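For reference, model-v4.cif (mmCIF, C-alpha atoms and all ligand atoms):
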```
data_query
loop_
_atom_site.label_atom_id
_atom_site.label_comp_id
_atom_site.auth_asym_id
_atom_site.auth_seq_id
_atom_site.Cartn_x
_atom_site.Cartn_y
_atom_site.Cartn_z
CA MET A 1 202.62 20.74 17.56
CA LYS A 2 204.12 21.80 14.27
CA PRO A 3 204.99 25.51 14.27
CA SER A 4 202.74 27.48 11.93
CA SER A 5 205.54 29.57 10.61
CA LEU A 6 209.21 29.42 9.70
CA SER A 7 211.64 32.15 10.51
CA LEU A 8 215.31 32.88 10.59
CA LEU A 9 214.88 35.27 13.50
CA LYS A 10 216.86 33.13 15.85
CA PHE A 11 218.24 36.01 17.86
CA LEU A 12 214.79 37.11 18.94
CA ARG A 13 214.22 33.80 20.64
CA THR A 14 217.22 34.37 22.85
CA ARG A 15 216.03 36.82 25.45
CA ASP A 16 219.51 37.64 26.71
CA SER A 17 221.18 37.85 23.31
CA PRO A 18 223.33 40.97 22.81
CA LEU A 19 221.38 41.76 19.64
CA LEU A 20 218.13 41.90 21.56
CA ARG A 21 219.68 44.23 24.13
CA ILE A 22 221.00 46.54 21.43
CA ARG A 23 217.64 46.59 19.72
CA THR A 24 215.78 47.39 22.90
CA MET A 25 218.08 50.34 23.49
CA THR A 26 217.31 51.75 20.07
CA ILE A 27 213.63 52.07 20.99
CA THR A 28 214.37 54.90 23.36
CA SER A 29 217.34 56.55 21.72
CA ASN A 30 216.95 56.50 17.96
CA PRO A 31 215.14 58.75 15.49
CA PRO A 32 211.78 57.76 13.90
CA GLN A 33 213.17 56.09 10.78
CA VAL A 34 215.20 53.74 12.96
CA ARG A 35 212.14 52.95 15.08
CA ASP A 36 210.47 52.00 11.82
CA ASP A 37 213.15 49.33 11.40
CA LEU A 38 211.87 47.56 14.51
CA LEU A 39 209.71 44.53 14.03
CA CYS A 40 206.05 45.27 14.58
CA SER A 41 206.10 42.55 17.25
CA ASP A 42 208.62 44.44 19.39
CA GLN A 43 206.22 46.79 21.13
CA GLN A 44 203.63 44.10 21.72
CA GLN A 45 206.13 41.38 22.60
CA GLN A 46 204.37 39.04 20.21
CA GLN A 47 207.05 36.54 19.43
CA SER A 48 205.04 33.37 19.12
CA ASP A 49 205.45 33.44 15.35
CA LEU A 50 209.20 33.71 15.44
CA GLN A 51 210.00 30.07 15.49
CA ILE A 52 212.56 28.17 13.56
CA GLU A 53 211.25 25.02 12.10
CA LYS A 54 213.65 22.26 11.26
CA PRO A 55 214.28 22.47 7.51
CA PRO A 56 212.54 19.76 5.49
CA GLU A 57 214.53 16.52 5.39
CA ALA A 58 214.96 16.69 1.65
CA ALA A 59 215.25 19.82 -0.44
CA PRO A 60 211.96 20.57 -2.22
CA ALA A 61 213.48 20.14 -5.63
CA SER A 62 216.69 18.89 -7.04
CA LEU A 63 218.62 19.53 -10.17
CA GLY A 64 220.86 16.56 -9.58
CA ALA A 65 223.67 15.99 -7.14
CA PRO A 66 225.55 19.17 -6.20
CA GLY A 67 228.92 19.46 -7.88
CA ARG A 68 227.83 17.68 -11.04
CA VAL A 69 227.72 19.49 -14.35
CA LEU A 70 224.70 18.29 -16.30
CA SER A 71 224.18 18.44 -20.05
CA ILE A 72 222.01 21.29 -21.33
CA ASP A 73 219.34 18.80 -22.46
CA THR A 74 219.08 17.28 -18.99
CA ARG A 75 219.00 20.69 -17.33
CA VAL A 76 216.27 21.99 -19.61
CA GLU A 77 214.23 18.86 -18.99
CA GLN A 78 214.65 19.23 -15.23
CA ALA A 79 213.89 22.95 -15.37
CA TRP A 80 210.53 22.21 -16.99
CA ALA A 81 209.76 19.28 -14.70
CA HIS A 82 210.32 21.55 -11.71
CA TRP A 83 208.21 24.36 -13.16
CA LYS A 84 205.38 21.95 -13.94
CA LYS A 85 205.56 20.47 -10.46
CA LEU A 86 204.94 23.97 -9.12
CA GLY A 87 201.78 24.18 -11.23
CA ARG A 88 203.17 26.60 -13.87
CA PRO A 89 202.19 29.78 -11.97
CA LYS A 90 201.05 32.63 -14.22
CA TYR A 91 200.35 35.39 -11.71
CA ILE A 92 203.48 36.32 -9.81
CA VAL A 93 204.36 38.93 -7.18
CA ALA A 94 207.58 40.67 -8.33
CA PRO A 95 210.50 41.20 -5.95
CA MET A 96 210.19 44.53 -4.13
CA VAL A 97 212.61 45.79 -1.49
CA ASP A 98 210.64 46.50 1.69
CA ASN A 99 207.39 45.61 -0.08
CA SER A 100 207.16 41.94 -1.14
CA GLU A 101 207.56 40.70 2.44
CA LEU A 102 205.67 37.72 3.87
CA PRO A 103 202.36 39.36 4.93
CA PHE A 104 202.07 41.15 1.59
CA ARG A 105 202.86 37.96 -0.33
CA LEU A 106 200.15 36.14 1.61
CA LEU A 107 197.63 38.91 0.93
CA CYS A 108 198.37 38.80 -2.81
CA GLN A 109 198.15 35.01 -2.74
CA LYS A 110 194.67 35.22 -1.21
CA TYR A 111 193.69 37.41 -4.16
CA GLY A 112 195.01 35.31 -6.99
CA ALA A 113 198.82 35.43 -6.97
CA GLN A 114 200.21 31.97 -7.70
CA ALA A 115 203.86 32.56 -6.75
CA ALA A 116 205.99 35.33 -5.28
CA TYR A 117 209.51 36.71 -4.94
CA THR A 118 210.96 37.92 -1.65
CA PRO A 119 212.45 41.41 -1.56
CA MET A 120 216.08 41.45 -2.68
CA LEU A 121 218.41 40.32 0.10
CA HIS A 122 222.04 41.39 0.09
CA SER A 123 224.04 38.16 0.03
CA ARG A 124 227.08 39.48 1.87
CA ILE A 125 225.12 41.16 4.63
CA PHE A 126 222.83 38.14 4.86
CA THR A 127 225.78 35.85 5.54
CA GLU A 128 227.49 38.27 7.93
CA THR A 129 224.74 39.25 10.33
CA ASP A 130 221.94 37.35 12.01
CA ASN A 131 220.18 40.65 12.47
CA ARG A 132 219.81 41.04 8.73
CA ASN A 133 217.89 37.78 8.61
CA LYS A 134 214.82 39.49 9.99
CA GLU A 135 214.38 40.64 6.40
CA PHE A 136 213.53 37.05 5.41
CA THR A 137 210.59 35.25 6.94
CA THR A 138 208.38 32.64 5.41
CA CYS A 139 205.75 30.04 6.33
CA GLU A 140 204.32 26.84 4.93
CA GLU A 141 201.66 28.53 2.79
CA ASP A 142 204.22 30.90 1.27
CA ARG A 143 204.96 28.78 -1.82
CA PRO A 144 206.00 28.69 -4.60
CA LEU A 145 208.66 31.12 -3.44
CA PHE A 146 211.64 32.76 -5.16
CA VAL A 147 214.22 34.09 -2.69
CA GLN A 148 216.16 36.85 -4.39
CA PHE A 149 219.74 37.90 -3.65
CA CYS A 150 222.04 40.52 -5.05
CA ALA A 151 225.65 39.44 -5.20
CA ASN A 152 229.01 39.94 -6.84
CA ASP A 153 230.95 37.11 -5.24
CA PRO A 154 230.07 33.48 -6.11
CA ASP A 155 231.17 31.96 -2.78
CA THR A 156 229.26 34.51 -0.71
CA LEU A 157 226.19 34.04 -2.86
CA LEU A 158 226.35 30.28 -2.43
CA GLU A 159 226.72 30.60 1.34
CA ALA A 160 223.65 32.85 1.52
CA ALA A 161 221.68 30.66 -0.89
CA LYS A 162 222.31 27.54 1.17
CA LYS A 163 220.67 29.19 4.18
CA VAL A 164 217.39 29.75 2.38
CA ALA A 165 217.38 26.78 -0.02
CA PRO A 166 215.24 24.51 2.21
CA TYR A 167 212.52 27.17 2.34
CA CYS A 168 212.10 28.09 -1.32
CA ASP A 169 211.56 26.84 -4.86
CA TYR A 170 214.15 29.03 -6.60
CA VAL A 171 217.13 31.05 -5.49
CA ASP A 172 217.01 34.12 -7.71
CA ILE A 173 219.84 36.46 -8.69
CA ASN A 174 218.97 40.14 -9.03
CA LEU A 175 220.53 41.33 -12.28
CA GLY A 176 218.10 44.18 -12.83
CA CYS A 177 218.40 46.75 -10.04
CA PRO A 178 219.30 50.08 -11.76
CA GLN A 179 219.54 52.25 -8.63
CA ARG A 180 222.58 54.24 -7.56
CA ILE A 181 223.05 52.00 -4.53
CA ALA A 182 223.46 49.04 -6.92
CA ARG A 183 226.05 50.96 -8.94
CA ARG A 184 227.98 51.72 -5.75
CA GLY A 185 227.67 48.14 -4.52
CA ASN A 186 228.43 46.66 -7.96
CA TYR A 187 225.38 44.45 -8.26
CA GLY A 188 222.01 44.29 -10.03
CA ALA A 189 221.89 45.78 -13.53
CA PHE A 190 225.48 47.04 -13.20
CA LEU A 191 226.71 43.47 -13.59
CA MET A 192 225.57 43.80 -17.23
CA ASP A 193 229.01 45.41 -17.66
CA ASN A 194 230.74 42.28 -16.35
CA LEU A 195 229.11 39.24 -17.91
CA PRO A 196 231.91 36.79 -16.97
CA LEU A 197 231.14 37.60 -13.32
CA VAL A 198 227.43 37.01 -13.90
CA LYS A 199 228.25 33.67 -15.52
CA SER A 200 230.34 32.63 -12.52
CA LEU A 201 227.51 33.52 -10.10
CA VAL A 202 224.99 31.41 -11.99
CA GLU A 203 227.37 28.49 -12.46
CA LYS A 204 228.27 28.47 -8.79
CA LEU A 205 224.66 28.10 -7.71
CA ALA A 206 223.64 25.75 -10.52
CA GLN A 207 226.47 23.33 -9.71
CA ASN A 208 226.26 23.45 -5.93
CA LEU A 209 222.64 23.96 -4.89
CA THR A 210 219.85 21.42 -4.92
CA VAL A 211 217.33 24.21 -5.56
CA PRO A 212 217.16 25.64 -9.09
CA VAL A 213 218.64 29.05 -9.81
CA SER A 214 216.63 31.74 -11.57
CA CYS A 215 217.63 35.21 -12.76
CA LYS A 216 215.77 38.48 -13.21
CA ILE A 217 217.25 40.74 -15.88
CA ARG A 218 216.66 43.98 -17.72
CA ILE A 219 217.10 44.19 -21.48
CA PHE A 220 220.02 45.82 -23.32
CA PRO A 221 219.24 48.67 -25.77
CA ASN A 222 220.32 46.29 -28.54
CA LEU A 223 218.18 43.16 -29.03
CA GLN A 224 221.06 40.90 -30.05
CA ASP A 225 222.96 41.82 -26.87
CA THR A 226 219.89 40.85 -24.86
CA LEU A 227 219.59 37.53 -26.66
CA ASN A 228 223.30 36.73 -26.18
CA TYR A 229 222.96 37.61 -22.50
CA ALA A 230 219.90 35.39 -22.01
CA LYS A 231 221.55 32.48 -23.84
CA MET A 232 224.65 32.84 -21.69
CA LEU A 233 222.50 32.62 -18.54
CA GLU A 234 220.74 29.52 -19.80
CA ASP A 235 224.05 27.87 -20.72
CA ALA A 236 225.47 28.73 -17.29
CA GLY A 237 222.67 26.82 -15.55
CA CYS A 238 219.81 29.28 -15.07
CA SER A 239 216.55 27.28 -14.82
CA LEU A 240 214.09 30.14 -15.21
CA LEU A 241 214.50 33.68 -16.52
CA ALA A 242 212.33 36.70 -15.69
CA VAL A 243 212.75 39.54 -18.19
CA HIS A 244 211.88 43.10 -17.24
CA GLY A 245 211.35 44.71 -20.64
CA ARG A 246 213.10 47.98 -19.84
CA THR A 247 216.78 48.92 -20.12
CA ARG A 248 218.98 49.90 -17.19
CA ASP A 249 218.49 53.59 -18.04
CA GLU A 250 214.70 53.32 -18.28
CA LYS A 251 214.18 53.58 -14.56
CA ASP A 252 210.81 55.29 -14.55
CA GLY A 253 208.16 52.66 -15.25
CA LYS A 254 205.50 55.33 -15.81
CA LYS A 255 207.59 57.10 -18.45
CA PHE A 256 208.95 54.10 -20.36
CA ARG A 257 206.79 51.24 -21.58
CA ALA A 258 208.29 47.78 -21.24
CA ASP A 259 209.26 46.22 -24.56
CA TRP A 260 207.17 43.06 -24.88
CA GLY A 261 208.66 42.52 -28.36
CA ALA A 262 212.11 42.00 -26.83
CA ILE A 263 210.66 39.66 -24.20
CA LYS A 264 209.03 37.61 -26.95
CA GLU A 265 212.39 37.29 -28.74
CA VAL A 266 214.06 36.09 -25.54
CA ARG A 267 211.27 33.61 -24.96
CA ASN A 268 211.71 32.25 -28.48
CA ALA A 269 215.49 32.02 -28.16
CA LEU A 270 215.53 30.09 -24.88
CA ARG A 271 214.53 26.57 -23.91
CA ILE A 272 213.92 27.20 -20.18
CA PRO A 273 210.70 28.82 -18.81
CA VAL A 274 210.61 32.61 -19.29
CA LEU A 275 208.53 35.15 -17.35
CA ALA A 276 207.68 38.72 -18.38
CA ASN A 277 207.67 41.90 -16.34
CA GLY A 278 206.36 45.38 -17.14
CA ASN A 279 203.17 47.20 -18.27
CA VAL A 280 200.72 45.20 -16.16
CA ARG A 281 197.90 47.35 -14.77
CA CYS A 282 195.05 44.83 -14.78
CA ILE A 283 194.37 41.14 -15.35
CA GLU A 284 193.64 41.73 -19.05
CA ASP A 285 197.20 43.08 -19.44
CA VAL A 286 198.51 39.80 -18.02
CA GLU A 287 196.56 37.77 -20.54
CA ASP A 288 197.59 40.11 -23.39
CA CYS A 289 201.24 39.85 -22.35
CA ILE A 290 201.16 36.07 -22.28
CA LYS A 291 199.44 35.97 -25.67
CA GLU A 292 201.83 38.48 -27.22
CA THR A 293 205.10 37.11 -25.82
CA GLY A 294 204.40 33.43 -25.24
CA VAL A 295 205.85 33.58 -21.71
CA GLU A 296 204.83 31.23 -18.92
CA GLY A 297 203.79 33.92 -16.46
CA VAL A 298 203.91 37.58 -15.58
CA LEU A 299 205.43 39.51 -12.66
CA SER A 300 203.71 42.61 -11.31
CA ALA A 301 205.14 45.14 -8.85
CA GLU A 302 203.81 48.74 -8.73
CA THR A 303 200.22 47.82 -9.58
CA LEU A 304 200.04 45.25 -6.78
CA LEU A 305 201.15 47.82 -4.23
CA GLU A 306 198.02 49.90 -4.83
CA ASN A 307 195.81 46.96 -5.64
CA PRO A 308 196.92 43.62 -4.14
CA ALA A 309 193.80 42.04 -5.69
CA VAL A 310 194.77 42.73 -9.32
CA PHE A 311 195.31 39.03 -10.09
CA ALA A 312 191.73 38.32 -8.96
CA GLY A 313 190.48 40.70 -11.66
CA PHE A 314 189.99 43.82 -9.52
CA ARG A 315 190.87 47.34 -10.74
CA THR A 316 191.34 50.60 -8.92
CA ALA A 317 189.04 53.48 -9.90
CA GLU A 318 191.82 54.94 -12.06
CA TRP A 319 191.76 51.92 -14.37
CA ALA A 320 188.01 51.29 -14.25
CA LYS A 321 186.34 54.67 -14.53
CA ASP A 322 188.21 55.55 -17.75
CA ASN A 323 186.71 52.45 -19.29
CA ASP A 324 183.06 52.93 -18.43
CA GLU A 325 181.93 51.67 -21.80
CA GLU A 326 183.39 48.26 -20.93
CA GLY A 327 181.14 48.18 -17.88
CA TYR A 328 183.02 48.09 -14.60
CA VAL A 329 181.07 47.76 -11.39
CA ASP A 330 181.87 47.91 -7.71
CA GLY A 331 183.51 44.53 -7.08
CA GLY A 332 182.42 44.39 -3.45
CA LEU A 333 186.00 44.75 -2.22
CA ASP A 334 187.29 47.90 -0.57
CA GLN A 335 190.87 49.20 -0.31
CA GLY A 336 190.31 49.90 3.38
CA ASP A 337 189.27 46.29 3.94
CA LEU A 338 192.38 45.10 2.10
CA ALA A 339 194.52 47.31 4.34
CA VAL A 340 192.89 45.78 7.42
CA GLU A 341 193.49 42.27 6.07
CA TYR A 342 197.13 43.19 5.51
CA LEU A 343 197.50 44.54 9.06
CA LYS A 344 196.05 41.35 10.49
CA LEU A 345 198.60 39.33 8.53
CA CYS A 346 201.35 41.56 9.94
CA GLU A 347 200.13 40.87 13.47
CA LYS A 348 200.48 37.18 12.73
CA HIS A 349 203.77 37.40 10.79
CA PRO A 350 205.76 40.34 12.22
CA VAL A 351 207.77 42.58 9.88
CA PRO A 352 209.57 45.92 10.36
CA TRP A 353 207.21 48.87 10.77
CA ARG A 354 208.77 50.68 7.81
CA MET A 355 207.30 48.01 5.50
CA ILE A 356 203.85 48.39 7.06
CA ARG A 357 204.05 52.18 6.81
CA SER A 358 204.95 51.93 3.14
CA HIS A 359 202.06 49.58 2.34
CA VAL A 360 199.51 51.65 4.25
CA HIS A 361 200.55 54.72 2.23
CA LYS A 362 200.12 52.83 -1.05
CA MET A 363 196.93 50.94 -0.22
CA LEU A 364 195.16 53.96 1.22
CA GLY A 365 196.65 56.38 -1.33
CA ASP A 366 193.33 57.12 -3.06
CA TRP A 367 191.73 57.95 0.27
CA PHE A 368 194.66 60.08 1.40
CA ARG A 369 194.38 62.16 -1.77
CA VAL A 370 190.82 63.07 -0.74
CA HIS A 371 191.61 63.46 2.98
CA PRO A 372 195.26 64.61 3.15
CA GLN A 373 194.91 65.54 6.82
CA VAL A 374 194.68 61.83 7.67
CA ARG A 375 197.89 61.17 5.74
CA GLU A 376 199.51 63.93 7.80
CA GLN A 377 198.50 62.09 10.97
CA LEU A 378 200.24 58.98 9.69
CA ASN A 379 203.36 60.94 8.76
CA ALA A 380 203.46 62.59 12.18
CA GLN A 381 203.22 59.27 14.01
CA ASN A 382 206.81 58.30 14.82
CA ILE A 383 205.92 55.10 16.60
CA LEU A 384 203.27 53.07 14.85
CA THR A 385 200.90 50.66 16.57
CA PHE A 386 198.23 48.42 15.10
CA GLU A 387 195.63 50.24 17.18
CA PHE A 388 196.62 53.53 15.55
CA LEU A 389 196.51 52.05 12.04
CA TYR A 390 193.13 50.33 12.47
CA GLY A 391 191.87 53.66 13.85
CA LEU A 392 193.16 55.42 10.74
CA VAL A 393 191.11 53.15 8.47
CA ASP A 394 188.01 53.67 10.66
CA GLN A 395 188.51 57.41 10.48
CA LEU A 396 188.75 57.34 6.68
CA LYS A 397 185.60 55.24 6.48
CA GLU A 398 183.71 57.72 8.63
CA LEU A 399 184.98 60.60 6.51
CA GLY A 400 184.52 59.21 3.06
CA GLY A 401 182.54 56.02 2.76
CA ARG A 402 184.23 53.41 0.62
CA VAL A 403 187.01 53.27 -1.96
CA PRO A 404 185.94 50.19 -3.87
CA LEU A 405 187.88 48.10 -6.30
CA TYR A 406 186.06 47.42 -9.55
CA LYS A 407 185.39 44.33 -11.61
CA LYS A 408 184.22 43.84 -15.14
CA ARG A 409 180.45 43.63 -15.31
CA LYS A 410 179.32 40.07 -15.96
CA ILE A 411 177.65 40.09 -19.38
CA ASP A 412 175.05 37.51 -18.40
CA THR A 413 173.91 39.06 -15.12
CA LEU A 414 174.59 42.81 -15.58
CA GLN A 415 174.05 43.18 -11.86
CA GLU A 416 175.43 46.07 -9.89
CA SER A 417 177.02 45.32 -6.55
CA PRO A 418 174.61 46.24 -3.75
CA GLN A 419 177.35 48.27 -2.00
CA LYS A 420 177.48 51.92 -2.94
CA ASP A 421 180.56 54.07 -3.48
CA LEU A 422 179.76 57.06 -1.31
CA GLU A 423 182.50 59.14 -2.91
CA SER A 424 181.32 58.94 -6.50
C1 LIG A 501 209.08 49.37 -4.29
C2 LIG A 501 209.82 48.55 -5.32
C3 LIG A 501 210.87 47.75 -4.92
C4 LIG A 501 211.54 46.95 -5.86
N1 LIG A 501 212.51 46.10 -5.44
C5 LIG A 501 213.04 45.20 -6.32
C6 LIG A 501 213.89 44.16 -5.87
O1 LIG A 501 214.15 44.00 -4.67
N2 LIG A 501 214.41 43.30 -6.80
C7 LIG A 501 214.11 43.42 -8.14
O2 LIG A 501 214.59 42.60 -8.94
N3 LIG A 501 213.29 44.38 -8.58
C8 LIG A 501 212.73 45.25 -7.70
N4 LIG A 501 211.83 46.18 -8.13
C9 LIG A 501 211.46 46.20 -9.56
C10 LIG A 501 210.21 45.34 -9.80
O3 LIG A 501 210.40 44.01 -9.41
C11 LIG A 501 209.79 45.39 -11.26
O4 LIG A 501 210.82 44.84 -12.03
C12 LIG A 501 209.52 46.80 -11.77
O5 LIG A 501 208.81 47.57 -10.82
C13 LIG A 501 208.69 46.74 -13.06
O6 LIG A 501 207.47 46.06 -12.83
P1 LIG A 501 206.07 46.84 -12.76
O7 LIG A 501 205.94 47.57 -14.07
O8 LIG A 501 205.03 45.79 -12.57
O9 LIG A 501 206.16 47.81 -11.62
C14 LIG A 501 211.17 46.99 -7.23
C15 LIG A 501 210.10 47.83 -7.61
C16 LIG A 501 209.43 48.58 -6.68
C17 LIG A 501 208.28 49.44 -7.13
#
```

Have the structure of the file written as structure tokens, please.
Amino acid sequence: MKPSSLSLLKFLRTRDSPLLRIRTMTITSNPPQVRDDLLCSDQQQQQSDLQIEKPPEAAPASLGAPGRVLSIDTRVEQAWAHWKKLGRPKYIVAPMVDNSELPFRLLCQKYGAQAAYTPMLHSRIFTETDNRNKEFTTCEEDRPLFVQFCANDPDTLLEAAKKVAPYCDYVDINLGCPQRIARRGNYGAFLMDNLPLVKSLVEKLAQNLTVPVSCKIRIFPNLQDTLNYAKMLEDAGCSLLAVHGRTRDEKDGKKFRADWGAIKEVRNALRIPVLANGNVRCIEDVEDCIKETGVEGVLSAETLLENPAVFAGFRTAEWAKDNDEEGYVDGGLDQGDLAVEYLKLCEKHPVPWRMIRSHVHKMLGDWFRVHPQVREQLNAQNILTFEFLYGLVDQLKELGGRVPLYKKRKIDTLQESPQKDLES
């Protein structure tokens, strides 16, 4: 029978591997945050999902024979052919460290996402340690998929990219991370200070991989610098560019609005597909962004964490109640139910507990604000189990009814959902 899921977790299959022994020891001797690094399958010994499927015979897409330098016209043509073959996805899950992992991607896909990025993987660590590969899992339904790496060495990046190429539709280079760890590690947005290095990273992948290379960037304070940067990436072989419309210094997404004007200029200056990122709180924002910038699709990050159903048109109370005149009604979907769906996906596709903990905090955030004592229980729980987490949702339901997600009232029916929000 064909395995239902792919995984690079080879070491877990080997019961007597040294890595497994080391990991088992950490269960008893390490502090809570390290326990959270364990896969959620460890305590239950559910390893049936951790199978390695033989990579597909042929790579899913090809930009010509590796090693060949193609003309810009040919590359642009192939970039569009590839994008069209993927169905030109508009609704895209942005890369999020510890948060855009397989179960979350699948949950978002069920509620309207048409493509997704993995969390950023560190190319050097990915090539050096098998253990690190537990950060990347995928399965057949998990497509179209961008696998994102940070890197500052072309050969290391290529080595890492080759490992994941059979399982994805793009290998993406993170050129946007503005965090201190990226400054220390010399990657992400700090490569904006070394554009020749960026060029060499893109060229290396474009000329040696059969899977297209994409990049995710931030903008420069000066528009012309941004346009020169984007053109350089396209010329180097980038097949798709995602533009986060904030500068490296504009770290706080709540404080700084993304500059859709700059994204529009990039879109108009390039010939390859361009995606936008920033300012998306609801599905109407996605449509507005596409109309205003002309991009192919839109990435969302923070909003999806609280509301994984945003691409299906659902809004949290925060974004619905302020707009009562537009007529938002209970959409018949509850944040607690979404959390349960997510947990079930985690049982099927194991991930480290720290990712699950993070999602539960975000998805149940509205409930926790009303019942902080339940959040305290979660914080106090050093070793998580699914039983505990399902119990947490039950407890919140008993305490506070529902926390519904809202949808725009249908003009023709004007019908309220039969379910009632007990908190309002
Ligand atoms: C928890 C979290 C983790 C993130 N990790 C990554 C990452 O691994 N790679 C990346 O390029 N951007 C990362 N980002 C940035 C997002 O992809 C996105 O560019 C940013 O949040 C702006 O989009 P938004 O306004 O929809 O949140 C992360 C953002 C969040 C909130």

For Val403 (chain A): contacts at 9 Å, all atoms listed in the file, fewer than 2 positions along chain excluded, given as a ChimeraX atom specification: /A:316-317,333-336,364,366-367,397,400-401,405,421-423

8 Å per side around region 82-86 of chain A: axis-aligned box centre and edge lengths, as JSON:
```
{"center_x": 207.6, "center_y": 22.4, "center_z": -11.5, "size_x": 21.4, "size_y": 19.9, "size_z": 20.8}
```

Excluding Thr293 (chain A) and residues on its chain fewer than 2 positions from it, collect all residues at most 7 Å away from it, counting only C-alpha atoms, and give them as a PDB file with C-alpha atoms, in the frame of the given file.
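Output file result31.pdb is given in full below:
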```pdb
ATOM      1  CA  TRP A 260     207.170  43.060 -24.880  1.00  0.00           C
ATOM      2  CA  GLY A 261     208.660  42.520 -28.360  1.00  0.00           C
ATOM      3  CA  ILE A 263     210.660  39.660 -24.200  1.00  0.00           C
ATOM      4  CA  LYS A 264     209.030  37.610 -26.950  1.00  0.00           C
ATOM      5  CA  CYS A 289     201.240  39.850 -22.350  1.00  0.00           C
ATOM      6  CA  ILE A 290     201.160  36.070 -22.280  1.00  0.00           C
ATOM      7  CA  LYS A 291     199.440  35.970 -25.670  1.00  0.00           C
ATOM      8  CA  VAL A 295     205.850  33.580 -21.710  1.00  0.00           C
TER       9      VAL A 295
END
```

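If you measure from each of A:Val280, A:Ala115, A:Ile181, A:Leu209 to ligand LIG 501 (chain A) using only C-alpha atoms and all ligand atoms, the closest one turns out to be A:Val280.
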
Expected selection as a PyMOL selection string for ligand LIG 501 (chain A) within 8 Å, all atoms listed in the file: chain A and resi 94-100+118-121+148+174-177+188+216-217+244+253-254+258+277-281+299-305

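For the pair CA of Leu158 (chain A) and CA of Leu205 (chain A), the interatomic distance is 6.0 Å.
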
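Counting all atoms listed in the file, the residue from A:Pro154, A:Gly391, A:Gly245, A:Pro178 that sits nearest to Leu197 (chain A) is A:Pro154.
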
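Among A:Gly237, A:Arg218, A:Met192, A:Lys84, the residue with the shortest atom-to-atom distance to Val69 (chain A), counting all atoms listed in the file, is A:Gly237.
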
Nearest residue to Leu38 (chain A) out of A:Asp225, A:Glu135, A:Glu203, A:Asp330, using all atoms listed in the file? A:Glu135

Would you please work out which residue, of A:Phe386, A:Tyr328, A:Tyr170, A:Tyr117, is nearest to Lys407 (chain A) when using all atoms listed in the file? A:Tyr328

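Between CA of Arg248 (chain A) and CA of Asn222 (chain A) the separation is 12.0 Å.
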
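Omitting region 371-375 of chain A and its sequence neighbours fewer than 3 positions away, and counting all atoms listed in the file, the residues within 10 Å are Val360, His361, Leu364, Gly365, Asp366, Trp367, Phe368, Leu378, Asn379, Ala380, Leu392, Val393, Gln395, Leu396, Leu399 and Gly400 of chain A.
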